[in-house]
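Enquirer: Contents of entry-v1.pdb (PDB, C-alpha atoms) are given next:
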MODEL        1
ATOM      1  CA  GLN A   1      -7.784 -15.715   5.422  1.00  0.00           C
ATOM      2  CA  LYS A   2      -8.254 -13.132   2.703  1.00  0.00           C
ATOM      3  CA  GLU A   3      -5.407 -13.202   0.210  1.00  0.00           C
ATOM      4  CA  VAL A   4      -4.071 -11.415  -2.836  1.00  0.00           C
ATOM      5  CA  GLU A   5      -1.642 -13.405  -4.964  1.00  0.00           C
ATOM      6  CA  GLN A   6       0.908 -12.111  -7.442  1.00  0.00           C
ATOM      7  CA  ASN A   7       3.803 -13.747  -9.233  1.00  0.00           C
ATOM      8  CA  SER A   8       6.899 -12.287  -7.584  1.00  0.00           C
ATOM      9  CA  GLY A   9       8.887 -12.280 -10.833  1.00  0.00           C
ATOM     10  CA  PRO A  10      11.108 -10.806 -11.952  1.00  0.00           C
ATOM     11  CA  LEU A  11       9.240 -10.331 -15.188  1.00  0.00           C
ATOM     12  CA  SER A  12      11.616  -9.246 -17.922  1.00  0.00           C
ATOM     13  CA  VAL A  13      10.142  -7.424 -20.940  1.00  0.00           C
ATOM     14  CA  PRO A  14      11.930  -5.768 -23.895  1.00  0.00           C
ATOM     15  CA  GLU A  15      11.577  -2.023 -24.257  1.00  0.00           C
ATOM     16  CA  GLY A  16       8.579  -1.130 -26.405  1.00  0.00           C
ATOM     17  CA  ALA A  17       6.747  -4.402 -25.733  1.00  0.00           C
ATOM     18  CA  ILE A  18       3.611  -4.983 -23.649  1.00  0.00           C
ATOM     19  CA  ALA A  19       4.103  -5.950 -20.011  1.00  0.00           C
ATOM     20  CA  SER A  20       1.302  -8.017 -18.477  1.00  0.00           C
ATOM     21  CA  LEU A  21       0.976  -8.229 -14.692  1.00  0.00           C
ATOM     22  CA  ASN A  22      -1.551 -10.472 -12.998  1.00  0.00           C
ATOM     23  CA  CYS A  23      -3.252 -10.648  -9.622  1.00  0.00           C
ATOM     24  CA  THR A  24      -5.806 -13.022  -8.100  1.00  0.00           C
ATOM     25  CA  TYR A  25      -7.812 -12.439  -4.939  1.00  0.00           C
ATOM     26  CA  SER A  26      -9.790 -14.638  -2.594  1.00  0.00           C
ATOM     27  CA  ASP A  27     -12.526 -12.346  -1.235  1.00  0.00           C
ATOM     28  CA  ARG A  28     -15.531 -12.618  -3.580  1.00  0.00           C
ATOM     29  CA  GLY A  29     -17.056  -9.538  -1.965  1.00  0.00           C
ATOM     30  CA  SER A  30     -14.207  -7.239  -2.950  1.00  0.00           C
ATOM     31  CA  GLN A  31     -15.354  -4.241  -4.986  1.00  0.00           C
ATOM     32  CA  SER A  32     -12.307  -2.012  -5.505  1.00  0.00           C
ATOM     33  CA  PHE A  33      -9.005  -2.979  -7.065  1.00  0.00           C
ATOM     34  CA  PHE A  34      -5.838  -0.922  -7.155  1.00  0.00           C
ATOM     35  CA  TRP A  35      -2.496  -1.047  -8.892  1.00  0.00           C
ATOM     36  CA  TYR A  36       0.437   0.693  -7.251  1.00  0.00           C
ATOM     37  CA  ARG A  37       3.981   1.098  -8.506  1.00  0.00           C
ATOM     38  CA  GLN A  38       6.895   1.022  -6.068  1.00  0.00           C
ATOM     39  CA  TYR A  39      10.412   1.945  -7.069  1.00  0.00           C
ATOM     40  CA  SER A  40      13.206   0.436  -5.005  1.00  0.00           C
ATOM     41  CA  GLY A  41      13.540   2.262  -1.682  1.00  0.00           C
ATOM     42  CA  LYS A  42      10.479   4.411  -2.337  1.00  0.00           C
ATOM     43  CA  SER A  43       6.857   4.404  -1.253  1.00  0.00           C
ATOM     44  CA  PRO A  44       3.990   2.967  -3.304  1.00  0.00           C
ATOM     45  CA  GLU A  45       2.303   5.353  -5.717  1.00  0.00           C
ATOM     46  CA  LEU A  46      -1.131   4.821  -7.214  1.00  0.00           C
ATOM     47  CA  ILE A  47      -1.258   4.030 -10.943  1.00  0.00           C
ATOM     48  CA  MET A  48      -4.947   3.328 -11.301  1.00  0.00           C
ATOM     49  CA  PHE A  49      -7.984   1.668  -9.807  1.00  0.00           C
ATOM     50  CA  ILE A  50     -10.865  -0.294 -11.266  1.00  0.00           C
ATOM     51  CA  TYR A  51     -14.184  -1.410  -9.827  1.00  0.00           C
ATOM     52  CA  SER A  52     -16.237  -2.548 -12.830  1.00  0.00           C
ATOM     53  CA  ASN A  53     -15.764  -5.685 -14.872  1.00  0.00           C
ATOM     54  CA  GLY A  54     -13.920  -5.070 -18.108  1.00  0.00           C
ATOM     55  CA  ASP A  55     -11.101  -2.759 -19.103  1.00  0.00           C
ATOM     56  CA  LYS A  56     -10.079   0.684 -17.925  1.00  0.00           C
ATOM     57  CA  GLU A  57      -7.439   2.602 -19.858  1.00  0.00           C
ATOM     58  CA  ASP A  58      -5.240   5.467 -18.698  1.00  0.00           C
ATOM     59  CA  GLY A  59      -2.491   6.423 -21.116  1.00  0.00           C
ATOM     60  CA  ARG A  60      -0.170   3.464 -21.585  1.00  0.00           C
ATOM     61  CA  PHE A  61      -1.809   1.557 -18.740  1.00  0.00           C
ATOM     62  CA  THR A  62      -4.869  -0.699 -18.949  1.00  0.00           C
ATOM     63  CA  ALA A  63      -6.432  -2.434 -15.965  1.00  0.00           C
ATOM     64  CA  GLN A  64      -8.612  -5.476 -16.600  1.00  0.00           C
ATOM     65  CA  LEU A  65     -11.045  -6.921 -14.078  1.00  0.00           C
ATOM     66  CA  ASN A  66     -12.879 -10.248 -14.130  1.00  0.00           C
ATOM     67  CA  LYS A  67     -14.844 -10.666 -10.913  1.00  0.00           C
ATOM     68  CA  ALA A  68     -16.193 -14.090 -11.851  1.00  0.00           C
ATOM     69  CA  SER A  69     -12.631 -15.406 -12.095  1.00  0.00           C
ATOM     70  CA  GLN A  70     -11.412 -13.174  -9.223  1.00  0.00           C
ATOM     71  CA  TYR A  71      -8.665 -11.872 -11.427  1.00  0.00           C
ATOM     72  CA  VAL A  72      -7.290  -8.415 -12.123  1.00  0.00           C
ATOM     73  CA  SER A  73      -4.456  -7.530 -14.464  1.00  0.00           C
ATOM     74  CA  LEU A  74      -2.397  -4.536 -15.526  1.00  0.00           C
ATOM     75  CA  LEU A  75      -1.103  -4.083 -19.057  1.00  0.00           C
ATOM     76  CA  ILE A  76       1.657  -1.594 -19.800  1.00  0.00           C
ATOM     77  CA  ARG A  77       1.976  -0.738 -23.479  1.00  0.00           C
ATOM     78  CA  ASP A  78       5.173   0.569 -25.086  1.00  0.00           C
ATOM     79  CA  SER A  79       7.157  -0.366 -21.965  1.00  0.00           C
ATOM     80  CA  GLN A  80       9.933   2.030 -21.013  1.00  0.00           C
ATOM     81  CA  PRO A  81      12.991   1.459 -18.790  1.00  0.00           C
ATOM     82  CA  SER A  82      11.387   3.908 -16.339  1.00  0.00           C
ATOM     83  CA  ASP A  83       8.567   1.371 -15.868  1.00  0.00           C
ATOM     84  CA  SER A  84      11.031  -0.966 -14.137  1.00  0.00           C
ATOM     85  CA  ALA A  85       9.651  -1.245 -10.603  1.00  0.00           C
ATOM     86  CA  THR A  86       7.622  -3.518  -8.351  1.00  0.00           C
ATOM     87  CA  TYR A  87       3.896  -3.449  -9.029  1.00  0.00           C
ATOM     88  CA  LEU A  88       1.572  -4.018  -6.094  1.00  0.00           C
ATOM     89  CA  CYS A  89      -2.007  -5.181  -6.411  1.00  0.00           C
ATOM     90  CA  ALA A  90      -4.403  -4.173  -3.619  1.00  0.00           C
ATOM     91  CA  VAL A  91      -8.004  -5.207  -3.073  1.00  0.00           C
ATOM     92  CA  ASN A  92     -10.543  -3.846  -0.620  1.00  0.00           C
ATOM     93  CA  ILE A  93     -11.958  -6.026   2.142  1.00  0.00           C
ATOM     94  CA  MET A  94     -15.630  -6.827   1.733  1.00  0.00           C
ATOM     95  CA  ASP A  95     -17.765  -4.394   3.788  1.00  0.00           C
ATOM     96  CA  SER A  96     -14.772  -2.106   4.288  1.00  0.00           C
ATOM     97  CA  ASN A  97     -13.972   0.064   1.303  1.00  0.00           C
ATOM     98  CA  TYR A  98     -11.152   1.753   3.135  1.00  0.00           C
ATOM     99  CA  GLN A  99      -9.181  -1.337   4.202  1.00  0.00           C
ATOM    100  CA  LEU A 100      -7.003  -3.006   1.602  1.00  0.00           C
ATOM    101  CA  ILE A 101      -5.299  -6.373   1.341  1.00  0.00           C
ATOM    102  CA  TRP A 102      -2.019  -6.207  -0.540  1.00  0.00           C
ATOM    103  CA  GLY A 103      -0.187  -8.632  -2.770  1.00  0.00           C
ATOM    104  CA  ALA A 104       3.571  -9.032  -2.358  1.00  0.00           C
ATOM    105  CA  GLY A 105       4.163  -7.436  -5.740  1.00  0.00           C
ATOM    106  CA  THR A 106       5.656  -8.367  -9.114  1.00  0.00           C
ATOM    107  CA  LYS A 107       9.090  -7.047  -9.979  1.00  0.00           C
ATOM    108  CA  LEU A 108       9.138  -5.784 -13.569  1.00  0.00           C
ATOM    109  CA  ILE A 109      12.363  -5.228 -15.503  1.00  0.00           C
ATOM    110  CA  ILE A 110      12.263  -3.441 -18.849  1.00  0.00           C
ATOM    111  CA  LYS A 111      15.327  -4.278 -20.943  1.00  0.00           C
ATOM    112  CA  PRO A 112      16.569  -1.517 -23.290  1.00  0.00           C
TER     113      PRO A 112
ATOM    114  CA  ASN B   1       0.468  20.481  -0.403  1.00  0.00           C
ATOM    115  CA  ALA B   2       3.241  18.442   1.187  1.00  0.00           C
ATOM    116  CA  GLY B   3       0.953  15.377   1.142  1.00  0.00           C
ATOM    117  CA  VAL B   4       1.907  12.746   3.723  1.00  0.00           C
ATOM    118  CA  THR B   5       5.129  13.343   5.629  1.00  0.00           C
ATOM    119  CA  GLN B   6       6.929  10.945   7.943  1.00  0.00           C
ATOM    120  CA  THR B   7       9.814  11.364  10.357  1.00  0.00           C
ATOM    121  CA  PRO B   8      12.404  10.075  10.868  1.00  0.00           C
ATOM    122  CA  LYS B   9      13.549   8.565   7.553  1.00  0.00           C
ATOM    123  CA  PHE B  10      15.905   6.117   9.233  1.00  0.00           C
ATOM    124  CA  ARG B  11      16.354   4.909  12.790  1.00  0.00           C
ATOM    125  CA  ILE B  12      18.375   2.258  14.587  1.00  0.00           C
ATOM    126  CA  LEU B  13      16.991   1.092  17.924  1.00  0.00           C
ATOM    127  CA  LYS B  14      18.412  -1.216  20.519  1.00  0.00           C
ATOM    128  CA  ILE B  15      16.260  -4.081  21.768  1.00  0.00           C
ATOM    129  CA  GLY B  16      13.905  -2.841  24.476  1.00  0.00           C
ATOM    130  CA  GLN B  17      14.016   0.819  23.472  1.00  0.00           C
ATOM    131  CA  SER B  18      10.882   2.739  22.525  1.00  0.00           C
ATOM    132  CA  MET B  19      10.207   5.347  19.883  1.00  0.00           C
ATOM    133  CA  THR B  20       7.455   7.213  18.089  1.00  0.00           C
ATOM    134  CA  LEU B  21       7.162   7.381  14.320  1.00  0.00           C
ATOM    135  CA  GLN B  22       5.532  10.607  13.252  1.00  0.00           C
ATOM    136  CA  CYS B  23       3.032  10.969  10.403  1.00  0.00           C
ATOM    137  CA  THR B  24       1.307  14.136   9.238  1.00  0.00           C
ATOM    138  CA  GLN B  25      -0.950  14.805   6.268  1.00  0.00           C
ATOM    139  CA  ASP B  26      -2.173  18.157   4.987  1.00  0.00           C
ATOM    140  CA  MET B  27      -4.872  16.918   2.627  1.00  0.00           C
ATOM    141  CA  ASN B  28      -7.673  16.902   5.222  1.00  0.00           C
ATOM    142  CA  HIS B  29      -8.083  13.151   4.788  1.00  0.00           C
ATOM    143  CA  ASN B  30     -10.211  11.435   7.395  1.00  0.00           C
ATOM    144  CA  TYR B  31      -8.684   8.010   6.999  1.00  0.00           C
ATOM    145  CA  MET B  32      -5.109   7.227   7.991  1.00  0.00           C
ATOM    146  CA  TYR B  33      -3.141   3.990   8.112  1.00  0.00           C
ATOM    147  CA  TRP B  34       0.101   2.512   9.327  1.00  0.00           C
ATOM    148  CA  TYR B  35       1.688  -0.339   7.387  1.00  0.00           C
ATOM    149  CA  ARG B  36       4.882  -2.274   7.669  1.00  0.00           C
ATOM    150  CA  GLN B  37       6.651  -3.793   4.687  1.00  0.00           C
ATOM    151  CA  ASP B  38       9.175  -6.577   5.126  1.00  0.00           C
ATOM    152  CA  PRO B  39      11.551  -7.462   2.260  1.00  0.00           C
ATOM    153  CA  GLY B  40       9.753  -9.230  -0.576  1.00  0.00           C
ATOM    154  CA  MET B  41       6.434  -9.006   1.211  1.00  0.00           C
ATOM    155  CA  GLY B  42       3.267  -7.043   0.748  1.00  0.00           C
ATOM    156  CA  LEU B  43       2.110  -4.290   3.031  1.00  0.00           C
ATOM    157  CA  LYS B  44       0.686  -5.398   6.370  1.00  0.00           C
ATOM    158  CA  LEU B  45      -1.785  -3.113   8.131  1.00  0.00           C
ATOM    159  CA  ILE B  46      -0.800  -2.306  11.709  1.00  0.00           C
ATOM    160  CA  TYR B  47      -3.441   0.234  12.770  1.00  0.00           C
ATOM    161  CA  TYR B  48      -5.859   2.538  11.061  1.00  0.00           C
ATOM    162  CA  SER B  49      -8.042   5.500  11.932  1.00  0.00           C
ATOM    163  CA  VAL B  50     -11.269   6.747  10.387  1.00  0.00           C
ATOM    164  CA  GLY B  51     -11.110  10.121  12.090  1.00  0.00           C
ATOM    165  CA  ALA B  52      -9.788  12.057  15.048  1.00  0.00           C
ATOM    166  CA  GLY B  53     -10.266  10.084  18.261  1.00  0.00           C
ATOM    167  CA  ILE B  54     -11.048   6.812  16.458  1.00  0.00           C
ATOM    168  CA  THR B  55      -8.465   4.085  15.932  1.00  0.00           C
ATOM    169  CA  ASP B  56      -8.620   0.349  15.339  1.00  0.00           C
ATOM    170  CA  LYS B  57      -6.293  -2.601  15.001  1.00  0.00           C
ATOM    171  CA  GLY B  58      -5.223  -3.984  11.688  1.00  0.00           C
ATOM    172  CA  GLU B  59      -3.644  -7.300  10.849  1.00  0.00           C
ATOM    173  CA  VAL B  60      -0.402  -7.006  12.902  1.00  0.00           C
ATOM    174  CA  PRO B  61      -0.971  -4.618  15.867  1.00  0.00           C
ATOM    175  CA  ASN B  62       1.069  -6.406  18.553  1.00  0.00           C
ATOM    176  CA  GLY B  63       3.930  -4.304  19.886  1.00  0.00           C
ATOM    177  CA  TYR B  64       2.494  -1.035  18.567  1.00  0.00           C
ATOM    178  CA  ASN B  65       0.160   1.708  19.715  1.00  0.00           C
ATOM    179  CA  VAL B  66      -1.406   4.688  17.996  1.00  0.00           C
ATOM    180  CA  SER B  67      -3.340   7.822  18.806  1.00  0.00           C
ATOM    181  CA  ARG B  68      -5.259  10.293  16.643  1.00  0.00           C
ATOM    182  CA  SER B  69      -5.904  13.558  18.429  1.00  0.00           C
ATOM    183  CA  THR B  70      -6.120  15.660  15.254  1.00  0.00           C
ATOM    184  CA  THR B  71      -7.120  15.059  11.647  1.00  0.00           C
ATOM    185  CA  GLU B  72      -3.561  15.766  10.513  1.00  0.00           C
ATOM    186  CA  ASP B  73      -1.434  13.617  12.826  1.00  0.00           C
ATOM    187  CA  PHE B  74      -1.296   9.869  13.360  1.00  0.00           C
ATOM    188  CA  PRO B  75       1.810   8.841  15.368  1.00  0.00           C
ATOM    189  CA  LEU B  76       2.832   5.203  15.791  1.00  0.00           C
ATOM    190  CA  ARG B  77       4.438   4.179  19.069  1.00  0.00           C
ATOM    191  CA  LEU B  78       6.768   1.212  19.399  1.00  0.00           C
ATOM    192  CA  GLU B  79       7.194  -0.022  22.941  1.00  0.00           C
ATOM    193  CA  LEU B  80      10.005  -2.420  23.903  1.00  0.00           C
ATOM    194  CA  ALA B  81      11.451  -2.759  20.410  1.00  0.00           C
ATOM    195  CA  ALA B  82      12.224  -6.286  19.184  1.00  0.00           C
ATOM    196  CA  PRO B  83      14.279  -7.488  16.172  1.00  0.00           C
ATOM    197  CA  SER B  84      11.004  -8.679  14.583  1.00  0.00           C
ATOM    198  CA  GLN B  85      10.000  -5.027  14.263  1.00  0.00           C
ATOM    199  CA  THR B  86      12.844  -4.343  11.850  1.00  0.00           C
ATOM    200  CA  SER B  87      10.974  -3.199   8.768  1.00  0.00           C
ATOM    201  CA  VAL B  88      10.013  -0.253   6.612  1.00  0.00           C
ATOM    202  CA  TYR B  89       7.002   1.619   7.990  1.00  0.00           C
ATOM    203  CA  PHE B  90       4.639   3.523   5.753  1.00  0.00           C
ATOM    204  CA  CYS B  91       1.923   5.922   6.766  1.00  0.00           C
ATOM    205  CA  ALA B  92      -0.931   6.498   4.319  1.00  0.00           C
ATOM    206  CA  SER B  93      -4.110   8.516   4.128  1.00  0.00           C
ATOM    207  CA  SER B  94      -7.246   8.355   2.037  1.00  0.00           C
ATOM    208  CA  LEU B  95     -10.212  10.449   1.095  1.00  0.00           C
ATOM    209  CA  PRO B  96     -13.628   8.975   0.361  1.00  0.00           C
ATOM    210  CA  GLY B  97     -14.482   9.819  -3.194  1.00  0.00           C
ATOM    211  CA  GLN B  98     -17.348   8.050  -4.943  1.00  0.00           C
ATOM    212  CA  GLY B  99     -16.772   5.180  -2.547  1.00  0.00           C
ATOM    213  CA  ILE B 100     -13.249   4.572  -3.809  1.00  0.00           C
ATOM    214  CA  TYR B 101     -10.607   5.045  -1.149  1.00  0.00           C
ATOM    215  CA  GLU B 102      -7.292   5.530  -2.921  1.00  0.00           C
ATOM    216  CA  GLN B 103      -4.482   5.594  -0.407  1.00  0.00           C
ATOM    217  CA  TYR B 104      -1.620   8.084  -0.588  1.00  0.00           C
ATOM    218  CA  PHE B 105       1.653   7.181   1.045  1.00  0.00           C
ATOM    219  CA  GLY B 106       4.389   8.960   2.927  1.00  0.00           C
ATOM    220  CA  PRO B 107       8.064   8.326   2.096  1.00  0.00           C
ATOM    221  CA  GLY B 108       8.496   5.703   4.814  1.00  0.00           C
ATOM    222  CA  THR B 109      10.678   5.136   7.865  1.00  0.00           C
ATOM    223  CA  ARG B 110      13.343   2.456   7.705  1.00  0.00           C
ATOM    224  CA  LEU B 111      13.727   0.973  11.197  1.00  0.00           C
ATOM    225  CA  THR B 112      16.389  -1.456  12.342  1.00  0.00           C
ATOM    226  CA  VAL B 113      16.252  -3.058  15.796  1.00  0.00           C
ATOM    227  CA  THR B 114      19.504  -4.660  16.973  1.00  0.00           C
TER     228      THR B 114
ENDMDL
END
Translate this file's structure into structure tokens.

Expert:
Amino acid sequence: QKEVEQNSGPLSVPEGAIASLNCTYSDRGSQSFFWYRQYSGKSPELIMFIYSNGDKEDGRFTAQLNKASQYVSLLIRDSQPSDSATYLCAVNIMDSNYQLIWGAGTKLIIKP
Amino acid sequence: NAGVTQTPKFRILKIGQSMTLQCTQDMNHNYMYWYRQDPGMGLKLIYYSVGAGITDKGEVPNGYNVSRSTTEDFPLRLELAAPSQTSVYFCASSLPGQGIYEQYFGPGTRLTVT
């Protein structure tokens, strides 16, 4: 059974601090890794994806991938109250780039 | 572009009733998906399609059917609704780009079966 694991939280972070969200996956053949943000009652929206080991930065967001440890993380710098949401990690199934396995998400709360 | 649209936004069904959830995308994406999301859970894939006329089962297909007669539309049919089908349903689409298939989601349909 292919799985994606996330701490459900809630993770509480002061405004302006760095929020660190983590995700582990079981399928060693996975190649593509996605972070989505989901506000309460809304649909998931893509924040960023990563497919190479190392870091990928986009504005205040940095995705980190370590395939050897089967671990992907999302860092949010200078956290804002508007970052309060549930963050979903998704990983592609080996041999199927277009099918994703989803984690249950981590609820992030940014305290003003 | 409207992106991915879904109707209805909300629906209450009685046990045993049937309904069709509509999904349309105007981005010319080949790939389309139906997910359900239960409270506190991740997205579960119900069915997916890689193009018009081609559909396949996902992780939780029982109790559902789909069709894909056009690139734009991917309706999900619920037959004989059961309380276990109470959930939020999301339709998504994706476009192959450099082998990375980012999925774009519709606003969702909140379904209650009583």

Enquirer: Output the residue selection produced by the PyMOL selection byres ((chain A and resi 107) around 7) on the file above, formatted as an MDAnalysis selection string.

Expert: chainID A and resid 8:11 85:87 105:106 108:109

Enquirer: Evaluate the PyMOL selection byres ((chain A) within 10 of (chain B)) on the structure here and hand back the selected residues as a PyMOL selection string.

Expert: chain A and resi 4-6+8+31-34+36+41-46+48-51+86+88-90+92+96-107

Enquirer: For C-alpha atoms, I'd like the residues from the last selection saved as a PDB file, keeping the file's coordinate frame.

Expert:
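Output (out-v7.pdb):
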ATOM      1  CA  VAL A   4      -4.071 -11.415  -2.836  1.00  0.00           C
ATOM      2  CA  GLU A   5      -1.642 -13.405  -4.964  1.00  0.00           C
ATOM      3  CA  GLN A   6       0.908 -12.111  -7.442  1.00  0.00           C
ATOM      4  CA  SER A   8       6.899 -12.287  -7.584  1.00  0.00           C
ATOM      5  CA  GLN A  31     -15.354  -4.241  -4.986  1.00  0.00           C
ATOM      6  CA  SER A  32     -12.307  -2.012  -5.505  1.00  0.00           C
ATOM      7  CA  PHE A  33      -9.005  -2.979  -7.065  1.00  0.00           C
ATOM      8  CA  PHE A  34      -5.838  -0.922  -7.155  1.00  0.00           C
ATOM      9  CA  TYR A  36       0.437   0.693  -7.251  1.00  0.00           C
ATOM     10  CA  GLY A  41      13.540   2.262  -1.682  1.00  0.00           C
ATOM     11  CA  LYS A  42      10.479   4.411  -2.337  1.00  0.00           C
ATOM     12  CA  SER A  43       6.857   4.404  -1.253  1.00  0.00           C
ATOM     13  CA  PRO A  44       3.990   2.967  -3.304  1.00  0.00           C
ATOM     14  CA  GLU A  45       2.303   5.353  -5.717  1.00  0.00           C
ATOM     15  CA  LEU A  46      -1.131   4.821  -7.214  1.00  0.00           C
ATOM     16  CA  MET A  48      -4.947   3.328 -11.301  1.00  0.00           C
ATOM     17  CA  PHE A  49      -7.984   1.668  -9.807  1.00  0.00           C
ATOM     18  CA  ILE A  50     -10.865  -0.294 -11.266  1.00  0.00           C
ATOM     19  CA  TYR A  51     -14.184  -1.410  -9.827  1.00  0.00           C
ATOM     20  CA  THR A  86       7.622  -3.518  -8.351  1.00  0.00           C
ATOM     21  CA  LEU A  88       1.572  -4.018  -6.094  1.00  0.00           C
ATOM     22  CA  CYS A  89      -2.007  -5.181  -6.411  1.00  0.00           C
ATOM     23  CA  ALA A  90      -4.403  -4.173  -3.619  1.00  0.00           C
ATOM     24  CA  ASN A  92     -10.543  -3.846  -0.620  1.00  0.00           C
ATOM     25  CA  SER A  96     -14.772  -2.106   4.288  1.00  0.00           C
ATOM     26  CA  ASN A  97     -13.972   0.064   1.303  1.00  0.00           C
ATOM     27  CA  TYR A  98     -11.152   1.753   3.135  1.00  0.00           C
ATOM     28  CA  GLN A  99      -9.181  -1.337   4.202  1.00  0.00           C
ATOM     29  CA  LEU A 100      -7.003  -3.006   1.602  1.00  0.00           C
ATOM     30  CA  ILE A 101      -5.299  -6.373   1.341  1.00  0.00           C
ATOM     31  CA  TRP A 102      -2.019  -6.207  -0.540  1.00  0.00           C
ATOM     32  CA  GLY A 103      -0.187  -8.632  -2.770  1.00  0.00           C
ATOM     33  CA  ALA A 104       3.571  -9.032  -2.358  1.00  0.00           C
ATOM     34  CA  GLY A 105       4.163  -7.436  -5.740  1.00  0.00           C
ATOM     35  CA  THR A 106       5.656  -8.367  -9.114  1.00  0.00           C
ATOM     36  CA  LYS A 107       9.090  -7.047  -9.979  1.00  0.00           C
TER      37      LYS A 107
END

Enquirer: Since I can't run it myself right now, could you work out what the PyMOL selection byres ((chain A and resi 20) around 6) selects here and report it as a list in words?

Expert: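 On this input, the PyMOL selection byres ((chain A and resi 20) around 6) captures Ala19, Leu21, Leu74 and Leu75 of chain A.
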
Enquirer: I'd like to know which of A:Ser52, A:Lys111, A:Ser84, A:Phe61 is closest to Gln38 of chain A, using all atoms listed in the file.

Expert: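 Result for the nearest residue to Gln38 of chain A: A:Ser84.
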
Enquirer: Just give me the gap between atom CA of Ile54 of chain B and atom CA of Pro8 of chain B in Å, one decimal is fine.

Expert: 24.3 Å

Enquirer: So what do you get for atom CA of Tyr64 of chain B versus atom CA of Val4 of chain B, distance-wise?

Expert: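 Atom CA of Tyr64 of chain B sits 20.3 Å away from atom CA of Val4 of chain B.
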
Enquirer: Could you list, as a PDB file with C-alpha atoms, in the coordinates of the input, every residue within 8 Å of Leu65 of chain A, counting only C-alpha atoms and ignoring same-chain residues fewer than 2 positions away?

Expert:
ATOM      1  CA  ILE A  50     -10.865  -0.294 -11.266  1.00  0.00           C
ATOM      2  CA  TYR A  51     -14.184  -1.410  -9.827  1.00  0.00           C
ATOM      3  CA  SER A  52     -16.237  -2.548 -12.830  1.00  0.00           C
ATOM      4  CA  ASN A  53     -15.764  -5.685 -14.872  1.00  0.00           C
ATOM      5  CA  GLY A  54     -13.920  -5.070 -18.108  1.00  0.00           C
ATOM      6  CA  ASP A  55     -11.101  -2.759 -19.103  1.00  0.00           C
ATOM      7  CA  ALA A  63      -6.432  -2.434 -15.965  1.00  0.00           C
ATOM      8  CA  LYS A  67     -14.844 -10.666 -10.913  1.00  0.00           C
ATOM      9  CA  GLN A  70     -11.412 -13.174  -9.223  1.00  0.00           C
ATOM     10  CA  TYR A  71      -8.665 -11.872 -11.427  1.00  0.00           C
ATOM     11  CA  VAL A  72      -7.290  -8.415 -12.123  1.00  0.00           C
ATOM     12  CA  SER A  73      -4.456  -7.530 -14.464  1.00  0.00           C
TER      13      SER A  73
END

Enquirer: List as a list of chain:residue names the protein and nucleic acid residues near Ser49 of chain B, meaning an atom at most 10 Å away when only C-alpha atoms are counted, but skip any in the same chain fewer than 2 places from it.

Expert: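 Selected residues are B:Asn30, B:Tyr31, B:Met32, B:Tyr33, B:Trp34, B:Tyr47, B:Gly51, B:Ala52, B:Gly53, B:Ile54, B:Thr55, B:Asp56, B:Lys57, B:Gly58, B:Val66, B:Ser67, B:Arg68, B:Thr71, B:Phe74, B:Ser93.
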
Enquirer: Might you pull out every residue within 6 Å of Cys23 of chain B, with only C-alpha atoms counted and same-chain residues fewer than 5 positions away left off, and present them as JSON, numbers by chain?

Expert: {"B": [5, 6, 73, 74, 75]}

Enquirer: Go ahead and compute the interatomic distance for atom CA of Ile110 of chain A and atom CA of Lys9 of chain B, in Å to one decimal.

Expert: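 Computing it gives 29.0 Å between the two atoms.
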
Enquirer: Nearest to Arg11 of chain B among B:Tyr35, B:Met27, B:Ile46, B:Ala81, with distances taken over all atoms listed in the file: which residue is it?

Expert: B:Ala81

Enquirer: May I ask which of the residues A:Gln1, A:Asn7, A:Gln80, A:Asn66 is the closest one to Asn22 of chain A, counting all atoms listed in the file?

Expert: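 For Asn22 of chain A, the nearest of the candidates is A:Asn7.
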
Enquirer: Which polymer residues have any atom within 8 Å of an atom of Asp27 of chain A, counting only C-alpha atoms, with same-chain residues fewer than 5 positions away left out, as a PyMOL selection string?

Expert: chain A and resi 2-3+93-94

Enquirer: Point out the residue among B:Thr20, B:Glu72, B:Leu80, B:Asn62 with the least atom-to-atom distance to Ala2 of chain B, counting only C-alpha atoms.

Expert: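 Nearest to Ala2 of chain B: B:Glu72.
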
Enquirer: Would you compute, for all listed atoms of segment 92-106 of chain A, the axis-aligned bounding box grown by 3 Å on each side, and then report its centre and edge lengths in Å rounded to one decimal, as lines of an AutoDock Vina configuration file?

Expert:
center_x = -6.1
center_y = -3.6
center_z = -2.4
size_x = 29.4
size_y = 16.8
size_z = 19.4

Enquirer: Counting only C-alpha atoms, figure out which residue out of B:Gln17, B:Thr24, B:Ser69, B:Gln85 gets nearest to Gly3 of chain B.

Expert: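 Ranking B:Gln17, B:Thr24, B:Ser69, B:Gln85 by distance to Gly3 of chain B, first place goes to B:Thr24.
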
Enquirer: When distances are computed from all atoms listed in the file, which of B:Asn1, B:Glu79, B:Leu13, B:His29 shows the smallest separation from Thr112 of chain B?

Expert: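 Checking each of B:Asn1, B:Glu79, B:Leu13, B:His29 against Thr112 of chain B, counting all atoms listed in the file, the winner is B:Leu13.
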